[in-house]
file entry_26.tsv (TSV, N, CA and C atoms)
chain	number	residue	atom	x	y	z
A	1	MET	N	58.34	-33.65	-8.76
A	1	MET	CA	57.06	-33.19	-9.28
A	1	MET	C	55.95	-34.15	-8.88
A	2	SER	N	54.84	-33.55	-8.58
A	2	SER	CA	53.69	-34.33	-8.15
A	2	SER	C	52.85	-34.72	-9.36
A	3	ASN	N	52.25	-35.88	-9.27
A	3	ASN	CA	51.34	-36.34	-10.33
A	3	ASN	C	49.90	-35.94	-10.05
A	4	ALA	N	49.68	-35.16	-8.98
A	4	ALA	CA	48.33	-34.75	-8.61
A	4	ALA	C	47.78	-33.81	-9.68
A	5	PRO	N	46.48	-33.95	-9.97
A	5	PRO	CA	45.89	-33.05	-10.97
A	5	PRO	C	45.86	-31.61	-10.44
A	6	ALA	N	45.92	-30.69	-11.35
A	6	ALA	CA	45.87	-29.27	-10.98
A	6	ALA	C	44.48	-28.98	-10.39
A	7	PRO	N	44.43	-28.15	-9.34
A	7	PRO	CA	43.12	-27.84	-8.75
A	7	PRO	C	42.26	-27.07	-9.74
A	8	LYS	N	40.96	-27.36	-9.71
A	8	LYS	CA	40.02	-26.66	-10.57
A	8	LYS	C	39.69	-25.33	-9.92
A	9	VAL	N	39.51	-24.32	-10.73
A	9	VAL	CA	39.17	-22.99	-10.24
A	9	VAL	C	37.67	-22.78	-10.50
A	10	THR	N	36.97	-22.30	-9.50
A	10	THR	CA	35.54	-22.05	-9.63
A	10	THR	C	35.31	-20.82	-10.49
A	11	ASN	N	34.39	-20.94	-11.41
A	11	ASN	CA	34.01	-19.86	-12.31
A	11	ASN	C	33.43	-18.70	-11.48
A	12	PRO	N	33.85	-17.46	-11.73
A	12	PRO	CA	33.34	-16.31	-10.97
A	12	PRO	C	31.81	-16.18	-11.03
A	13	GLU	N	31.20	-16.57	-12.15
A	13	GLU	CA	29.73	-16.51	-12.24
A	13	GLU	C	29.09	-17.49	-11.27
A	14	GLU	N	29.72	-18.66	-11.08
A	14	GLU	CA	29.19	-19.63	-10.13
A	14	GLU	C	29.32	-19.11	-8.70
A	15	ILE	N	30.41	-18.44	-8.41
A	15	ILE	CA	30.60	-17.86	-7.08
A	15	ILE	C	29.53	-16.80	-6.82
A	16	ALA	N	29.26	-15.97	-7.82
A	16	ALA	CA	28.25	-14.92	-7.67
A	16	ALA	C	26.87	-15.53	-7.47
A	17	SER	N	26.54	-16.58	-8.23
A	17	SER	CA	25.22	-17.18	-8.08
A	17	SER	C	25.07	-17.85	-6.72
A	18	PHE	N	26.15	-18.40	-6.19
A	18	PHE	CA	26.12	-19.01	-4.86
A	18	PHE	C	25.82	-17.94	-3.81
A	19	ALA	N	26.39	-16.75	-3.98
A	19	ALA	CA	26.16	-15.66	-3.04
A	19	ALA	C	24.70	-15.21	-3.04
A	20	ASP	N	23.99	-15.43	-4.15
A	20	ASP	CA	22.58	-15.04	-4.21
A	20	ASP	C	21.73	-15.80	-3.19
A	21	TYR	N	22.11	-17.03	-2.86
A	21	TYR	CA	21.33	-17.76	-1.85
A	21	TYR	C	21.36	-17.02	-0.51
A	22	GLU	N	22.52	-16.54	-0.14
A	22	GLU	CA	22.63	-15.77	1.10
A	22	GLU	C	21.86	-14.45	0.98
A	23	ALA	N	21.89	-13.84	-0.19
A	23	ALA	CA	21.18	-12.58	-0.40
A	23	ALA	C	19.66	-12.78	-0.31
A	24	VAL	N	19.15	-13.89	-0.83
A	24	VAL	CA	17.72	-14.17	-0.72
A	24	VAL	C	17.34	-14.39	0.75
A	25	ALA	N	18.15	-15.16	1.46
A	25	ALA	CA	17.89	-15.38	2.89
A	25	ALA	C	17.88	-14.04	3.64
A	26	THR	N	18.79	-13.16	3.30
A	26	THR	CA	18.86	-11.84	3.93
A	26	THR	C	17.62	-11.02	3.59
A	27	ALA	N	17.12	-11.14	2.36
A	27	ALA	CA	15.93	-10.40	1.94
A	27	ALA	C	14.68	-10.86	2.71
A	28	LEU	N	14.68	-12.11	3.18
A	28	LEU	CA	13.56	-12.63	3.94
A	28	LEU	C	13.60	-12.23	5.42
A	29	LEU	N	14.75	-11.80	5.91
A	29	LEU	CA	14.92	-11.50	7.33
A	29	LEU	C	13.97	-10.43	7.88
A	30	PRO	N	13.70	-9.33	7.17
A	30	PRO	CA	12.76	-8.36	7.73
A	30	PRO	C	11.38	-8.98	7.99
A	31	TYR	N	10.93	-9.82	7.09
A	31	TYR	CA	9.65	-10.50	7.26
A	31	TYR	C	9.70	-11.44	8.47
A	32	ILE	N	10.76	-12.22	8.56
A	32	ILE	CA	10.92	-13.17	9.66
A	32	ILE	C	11.01	-12.44	11.00
A	33	LYS	N	11.77	-11.36	11.05
A	33	LYS	CA	11.90	-10.59	12.29
A	33	LYS	C	10.57	-9.93	12.68
A	34	ALA	N	9.79	-9.52	11.68
A	34	ALA	CA	8.50	-8.89	11.96
A	34	ALA	C	7.53	-9.85	12.64
A	35	ALA	N	7.66	-11.14	12.36
A	35	ALA	CA	6.81	-12.13	13.04
A	35	ALA	C	7.07	-12.09	14.54
A	36	LYS	N	8.32	-11.93	14.93
A	36	LYS	CA	8.69	-11.89	16.34
A	36	LYS	C	8.33	-10.56	16.99
A	37	THR	N	8.56	-9.47	16.27
A	37	THR	CA	8.41	-8.13	16.86
A	37	THR	C	7.03	-7.51	16.68
A	38	GLY	N	6.28	-7.99	15.68
A	38	GLY	CA	5.00	-7.36	15.38
A	38	GLY	C	5.14	-6.04	14.66
A	39	ASP	N	6.29	-5.80	14.06
A	39	ASP	CA	6.59	-4.55	13.36
A	39	ASP	C	6.14	-4.66	11.90
A	40	GLY	N	4.95	-4.16	11.62
A	40	GLY	CA	4.39	-4.22	10.28
A	40	GLY	C	5.21	-3.50	9.24
A	41	GLU	N	5.79	-2.36	9.62
A	41	GLU	CA	6.61	-1.61	8.66
A	41	GLU	C	7.86	-2.40	8.27
A	42	LEU	N	8.42	-3.13	9.22
A	42	LEU	CA	9.57	-3.99	8.91
A	42	LEU	C	9.15	-5.07	7.93
A	43	SER	N	8.01	-5.68	8.17
A	43	SER	CA	7.48	-6.69	7.25
A	43	SER	C	7.28	-6.07	5.86
A	44	ARG	N	6.68	-4.91	5.82
A	44	ARG	CA	6.37	-4.23	4.55
A	44	ARG	C	7.62	-3.96	3.73
A	45	SER	N	8.73	-3.70	4.39
A	45	SER	CA	9.98	-3.37	3.70
A	45	SER	C	10.52	-4.54	2.88
A	46	ALA	N	10.06	-5.75	3.15
A	46	ALA	CA	10.54	-6.92	2.42
A	46	ALA	C	9.83	-7.12	1.08
A	47	PHE	N	8.71	-6.41	0.87
A	47	PHE	CA	7.86	-6.62	-0.30
A	47	PHE	C	7.99	-5.51	-1.34
A	48	TYR	N	7.82	-5.89	-2.61
A	48	TYR	CA	7.61	-4.90	-3.66
A	48	TYR	C	6.22	-4.28	-3.47
A	49	ASP	N	6.01	-3.10	-4.02
A	49	ASP	CA	4.71	-2.43	-3.91
A	49	ASP	C	3.59	-3.26	-4.52
A	50	HIS	N	3.87	-3.98	-5.60
A	50	HIS	CA	2.85	-4.75	-6.31
A	50	HIS	C	2.58	-6.13	-5.71
A	51	ALA	N	3.26	-6.50	-4.65
A	51	ALA	CA	3.22	-7.87	-4.12
A	51	ALA	C	1.80	-8.36	-3.84
A	52	ASN	N	1.59	-9.63	-4.16
A	52	ASN	CA	0.33	-10.31	-3.89
A	52	ASN	C	0.51	-11.28	-2.73
A	53	ILE	N	-0.51	-11.38	-1.89
A	53	ILE	CA	-0.49	-12.30	-0.76
A	53	ILE	C	-1.81	-13.07	-0.78
A	54	VAL	N	-1.71	-14.40	-0.64
A	54	VAL	CA	-2.90	-15.24	-0.70
A	54	VAL	C	-2.81	-16.32	0.36
A	55	GLY	N	-3.91	-16.57	1.07
A	55	GLY	CA	-3.97	-17.65	2.04
A	55	GLY	C	-5.26	-17.58	2.82
A	56	SER	N	-5.35	-18.41	3.87
A	56	SER	CA	-6.53	-18.37	4.71
A	56	SER	C	-6.17	-18.74	6.14
A	57	ILE	N	-6.93	-18.20	7.06
A	57	ILE	CA	-6.84	-18.54	8.48
A	57	ILE	C	-8.27	-18.77	8.94
A	58	GLY	N	-8.50	-19.88	9.62
A	58	GLY	CA	-9.84	-20.18	10.10
A	58	GLY	C	-10.85	-20.32	8.99
A	59	GLY	N	-10.40	-20.74	7.81
A	59	GLY	CA	-11.29	-20.91	6.68
A	59	GLY	C	-11.64	-19.64	5.94
A	60	GLU	N	-11.11	-18.52	6.40
A	60	GLU	CA	-11.40	-17.23	5.75
A	60	GLU	C	-10.30	-16.90	4.75
A	61	PHE	N	-10.65	-16.97	3.45
A	61	PHE	CA	-9.72	-16.67	2.36
A	61	PHE	C	-9.36	-15.19	2.39
A	62	SER	N	-8.07	-14.90	2.17
A	62	SER	CA	-7.59	-13.52	2.28
A	62	SER	C	-6.59	-13.22	1.18
A	63	THR	N	-6.68	-12.02	0.61
A	63	THR	CA	-5.75	-11.57	-0.42
A	63	THR	C	-5.32	-10.12	-0.15
A	64	PRO	N	-4.73	-9.85	1.00
A	64	PRO	CA	-4.33	-8.46	1.28
A	64	PRO	C	-3.15	-8.03	0.41
A	65	ASP	N	-3.07	-6.74	0.15
A	65	ASP	CA	-1.85	-6.24	-0.48
A	65	ASP	C	-0.79	-6.08	0.62
A	66	ALA	N	0.41	-5.70	0.23
A	66	ALA	CA	1.51	-5.62	1.19
A	66	ALA	C	1.24	-4.62	2.30
A	67	ASP	N	0.56	-3.51	1.99
A	67	ASP	CA	0.25	-2.51	3.02
A	67	ASP	C	-0.75	-3.05	4.03
A	68	ALA	N	-1.80	-3.71	3.54
A	68	ALA	CA	-2.81	-4.27	4.44
A	68	ALA	C	-2.21	-5.39	5.29
A	69	PHE	N	-1.34	-6.19	4.69
A	69	PHE	CA	-0.69	-7.25	5.46
A	69	PHE	C	0.18	-6.64	6.56
A	70	ALA	N	0.93	-5.59	6.24
A	70	ALA	CA	1.77	-4.92	7.24
A	70	ALA	C	0.92	-4.39	8.39
A	71	ALA	N	-0.24	-3.81	8.06
A	71	ALA	CA	-1.14	-3.31	9.11
A	71	ALA	C	-1.62	-4.45	9.99
A	72	GLU	N	-1.88	-5.61	9.40
A	72	GLU	CA	-2.33	-6.77	10.17
A	72	GLU	C	-1.22	-7.28	11.09
A	73	VAL	N	0.02	-7.30	10.61
A	73	VAL	CA	1.16	-7.70	11.44
A	73	VAL	C	1.26	-6.78	12.65
A	74	SER	N	1.12	-5.47	12.43
A	74	SER	CA	1.17	-4.51	13.54
A	74	SER	C	0.01	-4.72	14.50
A	75	LYS	N	-1.18	-4.96	13.96
A	75	LYS	CA	-2.38	-5.15	14.79
A	75	LYS	C	-2.24	-6.41	15.66
A	76	ILE	N	-1.74	-7.49	15.08
A	76	ILE	CA	-1.58	-8.74	15.82
A	76	ILE	C	-0.53	-8.57	16.92
A	77	GLY	N	0.53	-7.85	16.61
A	77	GLY	CA	1.57	-7.58	17.60
A	77	GLY	C	2.65	-8.64	17.64
A	78	ALA	N	3.49	-8.52	18.63
A	78	ALA	CA	4.68	-9.37	18.77
A	78	ALA	C	4.31	-10.81	19.11
A	79	SER	N	5.12	-11.72	18.59
A	79	SER	CA	5.06	-13.14	18.94
A	79	SER	C	6.47	-13.55	19.36
A	80	PRO	N	6.86	-13.18	20.59
A	80	PRO	CA	8.25	-13.39	21.00
A	80	PRO	C	8.69	-14.85	21.02
A	81	ASP	N	7.73	-15.79	21.08
A	81	ASP	CA	8.09	-17.21	21.11
A	81	ASP	C	8.06	-17.88	19.74
A	82	VAL	N	7.82	-17.10	18.69
A	82	VAL	CA	7.76	-17.69	17.35
A	82	VAL	C	9.13	-18.28	16.99
A	83	GLN	N	9.08	-19.41	16.31
A	83	GLN	CA	10.29	-20.03	15.77
A	83	GLN	C	10.12	-20.10	14.25
A	84	SER	N	11.22	-19.95	13.54
A	84	SER	CA	11.14	-20.00	12.08
A	84	SER	C	12.39	-20.65	11.52
A	85	ARG	N	12.24	-21.14	10.29
A	85	ARG	CA	13.39	-21.66	9.56
A	85	ARG	C	13.11	-21.54	8.08
A	86	ILE	N	14.15	-21.25	7.34
A	86	ILE	CA	14.05	-21.25	5.88
A	86	ILE	C	14.28	-22.69	5.44
A	87	ALA	N	13.25	-23.32	4.90
A	87	ALA	CA	13.33	-24.72	4.51
A	87	ALA	C	14.11	-24.91	3.22
A	88	TRP	N	13.90	-24.00	2.26
A	88	TRP	CA	14.65	-24.08	1.01
A	88	TRP	C	14.57	-22.77	0.24
A	89	ILE	N	15.54	-22.63	-0.64
A	89	ILE	CA	15.61	-21.50	-1.56
A	89	ILE	C	16.00	-22.07	-2.91
A	90	ASP	N	15.33	-21.63	-3.96
A	90	ASP	CA	15.65	-22.05	-5.33
A	90	ASP	C	15.76	-20.79	-6.18
A	91	ILE	N	16.84	-20.70	-6.94
A	91	ILE	CA	17.11	-19.48	-7.71
A	91	ILE	C	17.38	-19.81	-9.17
A	92	SER	N	16.86	-18.96	-10.05
A	92	SER	CA	17.16	-19.03	-11.47
A	92	SER	C	17.32	-17.59	-11.96
A	93	GLY	N	18.55	-17.18	-12.16
A	93	GLY	CA	18.80	-15.80	-12.58
A	93	GLY	C	18.26	-14.82	-11.56
A	94	PRO	N	17.40	-13.86	-12.00
A	94	PRO	CA	16.87	-12.87	-11.06
A	94	PRO	C	15.58	-13.32	-10.38
A	95	ALA	N	15.16	-14.57	-10.59
A	95	ALA	CA	13.94	-15.08	-9.97
A	95	ALA	C	14.28	-16.11	-8.90
A	96	ALA	N	13.52	-16.10	-7.82
A	96	ALA	CA	13.77	-17.05	-6.74
A	96	ALA	C	12.45	-17.45	-6.09
A	97	ALA	N	12.48	-18.61	-5.45
A	97	ALA	CA	11.38	-19.08	-4.63
A	97	ALA	C	11.96	-19.54	-3.31
A	98	ALA	N	11.18	-19.40	-2.25
A	98	ALA	CA	11.65	-19.82	-0.93
A	98	ALA	C	10.46	-20.32	-0.11
A	99	LYS	N	10.76	-21.25	0.78
A	99	LYS	CA	9.76	-21.77	1.72
A	99	LYS	C	10.25	-21.47	3.13
A	100	VAL	N	9.39	-20.83	3.92
A	100	VAL	CA	9.73	-20.50	5.31
A	100	VAL	C	8.65	-21.10	6.21
A	101	GLU	N	9.09	-21.80	7.24
A	101	GLU	CA	8.19	-22.42	8.22
A	101	GLU	C	8.19	-21.59	9.50
A	102	PHE	N	7.00	-21.41	10.08
A	102	PHE	CA	6.85	-20.71	11.36
A	102	PHE	C	6.04	-21.60	12.30
A	103	ILE	N	6.41	-21.61	13.54
A	103	ILE	CA	5.60	-22.27	14.56
A	103	ILE	C	5.41	-21.30	15.71
A	104	ASN	N	4.19	-21.22	16.19
A	104	ASN	CA	3.81	-20.35	17.30
A	104	ASN	C	3.85	-18.86	16.94
A	105	TRP	N	3.47	-18.56	15.69
A	105	TRP	CA	3.25	-17.15	15.33
A	105	TRP	C	1.82	-16.87	15.75
A	106	VAL	N	1.64	-16.13	16.80
A	106	VAL	CA	0.37	-15.90	17.49
A	106	VAL	C	-0.35	-17.22	17.74
A	107	GLY	N	0.43	-18.23	18.12
A	107	GLY	CA	-0.13	-19.53	18.47
A	107	GLY	C	-0.42	-20.44	17.30
A	108	LEU	N	-0.11	-20.03	16.10
A	108	LEU	CA	-0.40	-20.82	14.90
A	108	LEU	C	0.87	-21.29	14.21
A	109	ARG	N	0.71	-22.31	13.39
A	109	ARG	CA	1.80	-22.77	12.53
A	109	ARG	C	1.50	-22.30	11.11
A	110	PHE	N	2.52	-21.77	10.44
A	110	PHE	CA	2.38	-21.32	9.06
A	110	PHE	C	3.49	-21.90	8.19
A	111	THR	N	3.15	-22.16	6.95
A	111	THR	CA	4.14	-22.40	5.91
A	111	THR	C	3.92	-21.33	4.87
A	112	ASP	N	4.96	-20.56	4.60
A	112	ASP	CA	4.89	-19.48	3.61
A	112	ASP	C	5.75	-19.83	2.41
A	113	PHE	N	5.18	-19.67	1.23
A	113	PHE	CA	5.92	-19.83	-0.02
A	113	PHE	C	6.07	-18.44	-0.63
A	114	PHE	N	7.30	-18.05	-0.90
A	114	PHE	CA	7.60	-16.73	-1.42
A	114	PHE	C	8.15	-16.82	-2.84
A	115	VAL	N	7.81	-15.84	-3.65
A	115	VAL	CA	8.44	-15.63	-4.95
A	115	VAL	C	9.15	-14.28	-4.82
A	116	LEU	N	10.43	-14.29	-5.16
A	116	LEU	CA	11.24	-13.06	-5.05
A	116	LEU	C	11.83	-12.72	-6.41
A	117	TYR	N	12.17	-11.46	-6.57
A	117	TYR	CA	12.80	-11.00	-7.80
A	117	TYR	C	13.94	-10.04	-7.45
A	118	LYS	N	15.02	-10.17	-8.19
A	118	LYS	CA	16.19	-9.32	-7.97
A	118	LYS	C	16.18	-8.19	-9.01
A	119	ARG	N	16.07	-6.97	-8.51
A	119	ARG	CA	16.07	-5.78	-9.36
A	119	ARG	C	17.05	-4.79	-8.77
A	120	ASP	N	17.90	-4.22	-9.61
A	120	ASP	CA	18.91	-3.25	-9.16
A	120	ASP	C	19.73	-3.84	-8.00
A	121	ASP	N	20.11	-5.11	-8.15
A	121	ASP	CA	20.93	-5.83	-7.17
A	121	ASP	C	20.26	-6.01	-5.81
A	122	GLN	N	18.94	-5.90	-5.74
A	122	GLN	CA	18.23	-6.08	-4.48
A	122	GLN	C	17.09	-7.09	-4.67
A	123	TRP	N	17.07	-8.10	-3.78
A	123	TRP	CA	16.00	-9.08	-3.77
A	123	TRP	C	14.84	-8.56	-2.93
A	124	LYS	N	13.62	-8.72	-3.44
A	124	LYS	CA	12.41	-8.38	-2.68
A	124	LYS	C	11.33	-9.40	-2.99
A	125	ILE	N	10.37	-9.49	-2.10
A	125	ILE	CA	9.27	-10.43	-2.26
A	125	ILE	C	8.24	-9.86	-3.23
A	126	SER	N	7.92	-10.66	-4.25
A	126	SER	CA	6.92	-10.27	-5.23
A	126	SER	C	5.56	-10.90	-4.92
A	127	GLY	N	5.59	-12.03	-4.23
A	127	GLY	CA	4.34	-12.70	-3.88
A	127	GLY	C	4.53	-13.69	-2.75
A	128	LYS	N	3.42	-13.96	-2.06
A	128	LYS	CA	3.43	-14.91	-0.94
A	128	LYS	C	2.13	-15.68	-0.95
A	129	VAL	N	2.24	-17.00	-0.81
A	129	VAL	CA	1.09	-17.86	-0.61
A	129	VAL	C	1.37	-18.62	0.67
A	130	TYR	N	0.37	-18.70	1.56
A	130	TYR	CA	0.63	-19.34	2.84
A	130	TYR	C	-0.43	-20.36	3.21
A	131	ASP	N	-0.03	-21.26	4.08
A	131	ASP	CA	-0.90	-22.28	4.65
A	131	ASP	C	-0.87	-22.12	6.15
A	132	SER	N	-2.04	-22.01	6.77
A	132	SER	CA	-2.11	-21.91	8.23
A	132	SER	C	-2.41	-23.27	8.87
A	133	HIS	N	-2.08	-24.32	8.15
A	133	HIS	CA	-2.19	-25.71	8.62
A	133	HIS	C	-3.57	-26.02	9.18
A	134	SER	N	-3.68	-26.45	10.39
A	134	SER	CA	-4.97	-26.91	10.93
A	134	SER	C	-5.97	-25.77	11.08
A	135	ASN	N	-5.55	-24.56	10.83
A	135	ASN	CA	-6.44	-23.40	10.98
A	135	ASN	C	-7.02	-22.92	9.64
A	136	ASN	N	-6.92	-23.76	8.61
A	136	ASN	CA	-7.49	-23.38	7.30
A	136	ASN	C	-8.98	-23.52	7.29
call {"tool": "encode", "arguments": {"input": "entry_26.tsv", "output": "structure tokens"}}
result
Amino acid sequence: MSNAPAPKVTNPEEIASFADYEAVATALLPYIKAAKTGDGELSRSAFYDHANIVGSIGGEFSTPDADAFAAEVSKIGASPDVQSRIAWIDISGPAAAAKVEFINWVGLRFTDFFVLYKRDDQWKISGKVYDSHSNN
């Protein structure tokens, strides 16, 4: 007989909450892909209807709703050289926050902060605040 301690078993609730990090990252993918493709409808699919967006480019403060933002993504068009990374995700129950960095999205650098909510087992963006770095 071994004197080794019995292995600990991970609580199923902890396993489920760990899976939410991947689910939040997946919920951000349509938005991230839209930066590359210029597909506003794809971007729009990541947001709740009530979503708020706040930020500025070139010193011009902007608060478009999700539909207006999607139209702007389509108008700007594809940025095939854009690079992105999810810097972090933080989750508490059905609420989450995430930070996504972009470089060379239409030649600009952006940091986007997202607030997401999980409803009916689906994560969607409820709000976005962004920084256009040197272009504020």
call {"tool": "closest_residue", "arguments": {"input": "entry_26.tsv", "among": "A:Glu101, A:Asp20, A:Asp120, A:Asp39", "to": "Pro80 in chain A", "atoms": "only C-alpha atoms"}}
result
A:Asp39
call {"tool": "select_by_dssp", "arguments": {"input": "entry_26.tsv", "residues": "range 67-107 of chain A", "states": "strand (DSSP E or B)", "output": "list in words"}}
result
Gln83, Ser84, Arg85, Ile86, Ala87, Trp88, Ile89, Asp90, Ile91, Ser92, Ala95, Ala96, Ala97, Ala98, Lys99, Val100, Glu101, Phe102, Ile103, Asn104 and Trp105 of chain A
call {"tool": "residues_around", "arguments": {"input": "entry_26.tsv", "residues": "range 125-134 of chain A", "least_positions_apart": "3", "cutoff": "6 Å", "atoms": "all atoms listed in the file", "output": "list in words"}}
result
Ala46, Phe47, Tyr48, His50, Ala51, Asn52, Ile53, Val54, Gly55, Ser56, Ile57, Arg109, Phe110, Thr111, Asp112, Phe113, Phe114, Val115, Leu116 and Tyr117 of chain A
call {"tool": "closest_residue", "arguments": {"input": "entry_26.tsv", "among": "A:Ala19, A:Val106, A:Val100, A:Ala4", "to": "Ile86 in chain A", "atoms": "all atoms listed in the file"}}
result
A:Val100
call {"tool": "closest_residue", "arguments": {"input": "entry_26.tsv", "among": "A:Ser17, A:Asn135, A:Lys8, A:Lys124", "to": "Ser45 in chain A", "atoms": "only C-alpha atoms"}}
result
A:Lys124
call {"tool": "residues_around", "arguments": {"input": "entry_26.tsv", "residues": "Val82 in chain A", "least_positions_apart": "6", "cutoff": "7 Å", "atoms": "all atoms listed in the file", "output": "short mmCIF file (atom, residue, chain, number, x, y, z; two decimals) with N, CA and C atoms, keeping the file's coordinate frame"}}
result
data_model
loop_
_atom_site.label_atom_id
_atom_site.label_comp_id
_atom_site.auth_asym_id
_atom_site.auth_seq_id
_atom_site.Cartn_x
_atom_site.Cartn_y
_atom_site.Cartn_z
N ALA A 35 7.66 -11.14 12.36
CA ALA A 35 6.81 -12.13 13.04
C ALA A 35 7.07 -12.09 14.54
N LYS A 36 8.32 -11.93 14.93
CA LYS A 36 8.69 -11.89 16.34
C LYS A 36 8.33 -10.56 16.99
N PHE A 102 7.00 -21.41 10.08
CA PHE A 102 6.85 -20.71 11.36
C PHE A 102 6.04 -21.60 12.30
N ILE A 103 6.41 -21.61 13.54
CA ILE A 103 5.60 -22.27 14.56
C ILE A 103 5.41 -21.30 15.71
N ASN A 104 4.19 -21.22 16.19
CA ASN A 104 3.81 -20.35 17.30
C ASN A 104 3.85 -18.86 16.94
N TRP A 105 3.47 -18.56 15.69
CA TRP A 105 3.25 -17.15 15.33
C TRP A 105 1.82 -16.87 15.75
N VAL A 106 1.64 -16.13 16.80
CA VAL A 106 0.37 -15.90 17.49
C VAL A 106 -0.35 -17.22 17.74
#
call {"tool": "atom_distance", "arguments": {"input": "entry_26.tsv", "atom1": "atom N of Pro94 in chain A", "atom2": "atom C of Lys118 in chain A"}}
result
6.5 Å
call {"tool": "residues_near_point", "arguments": {"input": "entry_26.tsv", "point": "(4.1, -5.4, 18.4)", "cutoff": "7 Å", "atoms": "all atoms listed in the file", "output": "VMD selection string"}}
result
chain A and resid 36 to 40 73 to 79
call {"tool": "atom_distance", "arguments": {"input": "entry_26.tsv", "atom1": "CA of Gly58 in chain A", "atom2": "CA of Leu42 in chain A"}}
result
25.3 Å
call {"tool": "atom_distance", "arguments": {"input": "entry_26.tsv", "atom1": "CA of Pro30 in chain A", "atom2": "CA of Glu13 in chain A"}}
result
27.4 Å
call {"tool": "select_by_dssp", "arguments": {"input": "entry_26.tsv", "residues": "range 19-111 of chain A", "states": "alpha helix (DSSP H)", "output": "count of residues only"}}
result
35
call {"tool": "closest_residue", "arguments": {"input": "entry_26.tsv", "among": "A:Phe61, A:Ser84, A:Trp123, A:Ala66", "to": "Ile32 in chain A", "atoms": "all atoms listed in the file"}}
result
A:Ser84
call {"tool": "build_atoms", "arguments": {"input": "entry_26.tsv", "residues": "range 69-74 of chain A", "atoms": "all heavy atoms", "output": "PDB file, in the frame of the given file"}}
result
ATOM      1  N   PHE A  69      -1.340  -6.190   4.690  1.00  0.00           N
ATOM      2  CA  PHE A  69      -0.690  -7.250   5.460  1.00  0.00           C
ATOM      3  C   PHE A  69       0.180  -6.640   6.560  1.00  0.00           C
ATOM      4  O   PHE A  69       0.170  -7.108   7.699  1.00  0.00           O
ATOM      5  CB  PHE A  69       0.138  -8.155   4.553  1.00  0.00           C
ATOM      6  CG  PHE A  69       0.785  -9.278   5.301  1.00  0.00           C
ATOM      7  CD1 PHE A  69       0.041 -10.379   5.700  1.00  0.00           C
ATOM      8  CD2 PHE A  69       2.121  -9.221   5.628  1.00  0.00           C
ATOM      9  CE1 PHE A  69       0.630 -11.415   6.417  1.00  0.00           C
ATOM     10  CE2 PHE A  69       2.727 -10.248   6.347  1.00  0.00           C
ATOM     11  CZ  PHE A  69       1.983 -11.349   6.736  1.00  0.00           C
ATOM     12  N   ALA A  70       0.930  -5.590   6.240  1.00  0.00           N
ATOM     13  CA  ALA A  70       1.770  -4.920   7.240  1.00  0.00           C
ATOM     14  C   ALA A  70       0.920  -4.390   8.390  1.00  0.00           C
ATOM     15  O   ALA A  70       1.289  -4.503   9.558  1.00  0.00           O
ATOM     16  CB  ALA A  70       2.562  -3.788   6.591  1.00  0.00           C
ATOM     17  N   ALA A  71      -0.240  -3.810   8.060  1.00  0.00           N
ATOM     18  CA  ALA A  71      -1.140  -3.310   9.110  1.00  0.00           C
ATOM     19  C   ALA A  71      -1.620  -4.450   9.990  1.00  0.00           C
ATOM     20  O   ALA A  71      -1.730  -4.298  11.221  1.00  0.00           O
ATOM     21  CB  ALA A  71      -2.323  -2.581   8.471  1.00  0.00           C
ATOM     22  N   GLU A  72      -1.880  -5.610   9.400  1.00  0.00           N
ATOM     23  CA  GLU A  72      -2.330  -6.770  10.170  1.00  0.00           C
ATOM     24  C   GLU A  72      -1.220  -7.280  11.090  1.00  0.00           C
ATOM     25  O   GLU A  72      -1.474  -7.639  12.242  1.00  0.00           O
ATOM     26  CB  GLU A  72      -2.798  -7.885   9.226  1.00  0.00           C
ATOM     27  CG  GLU A  72      -3.485  -9.024   9.908  1.00  0.00           C
ATOM     28  CD  GLU A  72      -4.794  -8.641  10.597  1.00  0.00           C
ATOM     29  OE1 GLU A  72      -5.433  -7.648  10.226  1.00  0.00           O
ATOM     30  OE2 GLU A  72      -5.165  -9.362  11.549  1.00  0.00           O
ATOM     31  N   VAL A  73       0.020  -7.300  10.610  1.00  0.00           N
ATOM     32  CA  VAL A  73       1.160  -7.700  11.440  1.00  0.00           C
ATOM     33  C   VAL A  73       1.260  -6.780  12.650  1.00  0.00           C
ATOM     34  O   VAL A  73       1.439  -7.228  13.782  1.00  0.00           O
ATOM     35  CB  VAL A  73       2.478  -7.713  10.633  1.00  0.00           C
ATOM     36  CG1 VAL A  73       3.692  -7.868  11.539  1.00  0.00           C
ATOM     37  CG2 VAL A  73       2.456  -8.827   9.583  1.00  0.00           C
ATOM     38  N   SER A  74       1.120  -5.470  12.430  1.00  0.00           N
ATOM     39  CA  SER A  74       1.170  -4.510  13.540  1.00  0.00           C
ATOM     40  C   SER A  74       0.010  -4.720  14.500  1.00  0.00           C
ATOM     41  O   SER A  74       0.193  -4.645  15.717  1.00  0.00           O
ATOM     42  CB  SER A  74       1.153  -3.079  13.003  1.00  0.00           C
ATOM     43  OG  SER A  74       2.345  -2.798  12.310  1.00  0.00           O
TER      44      SER A  74
END
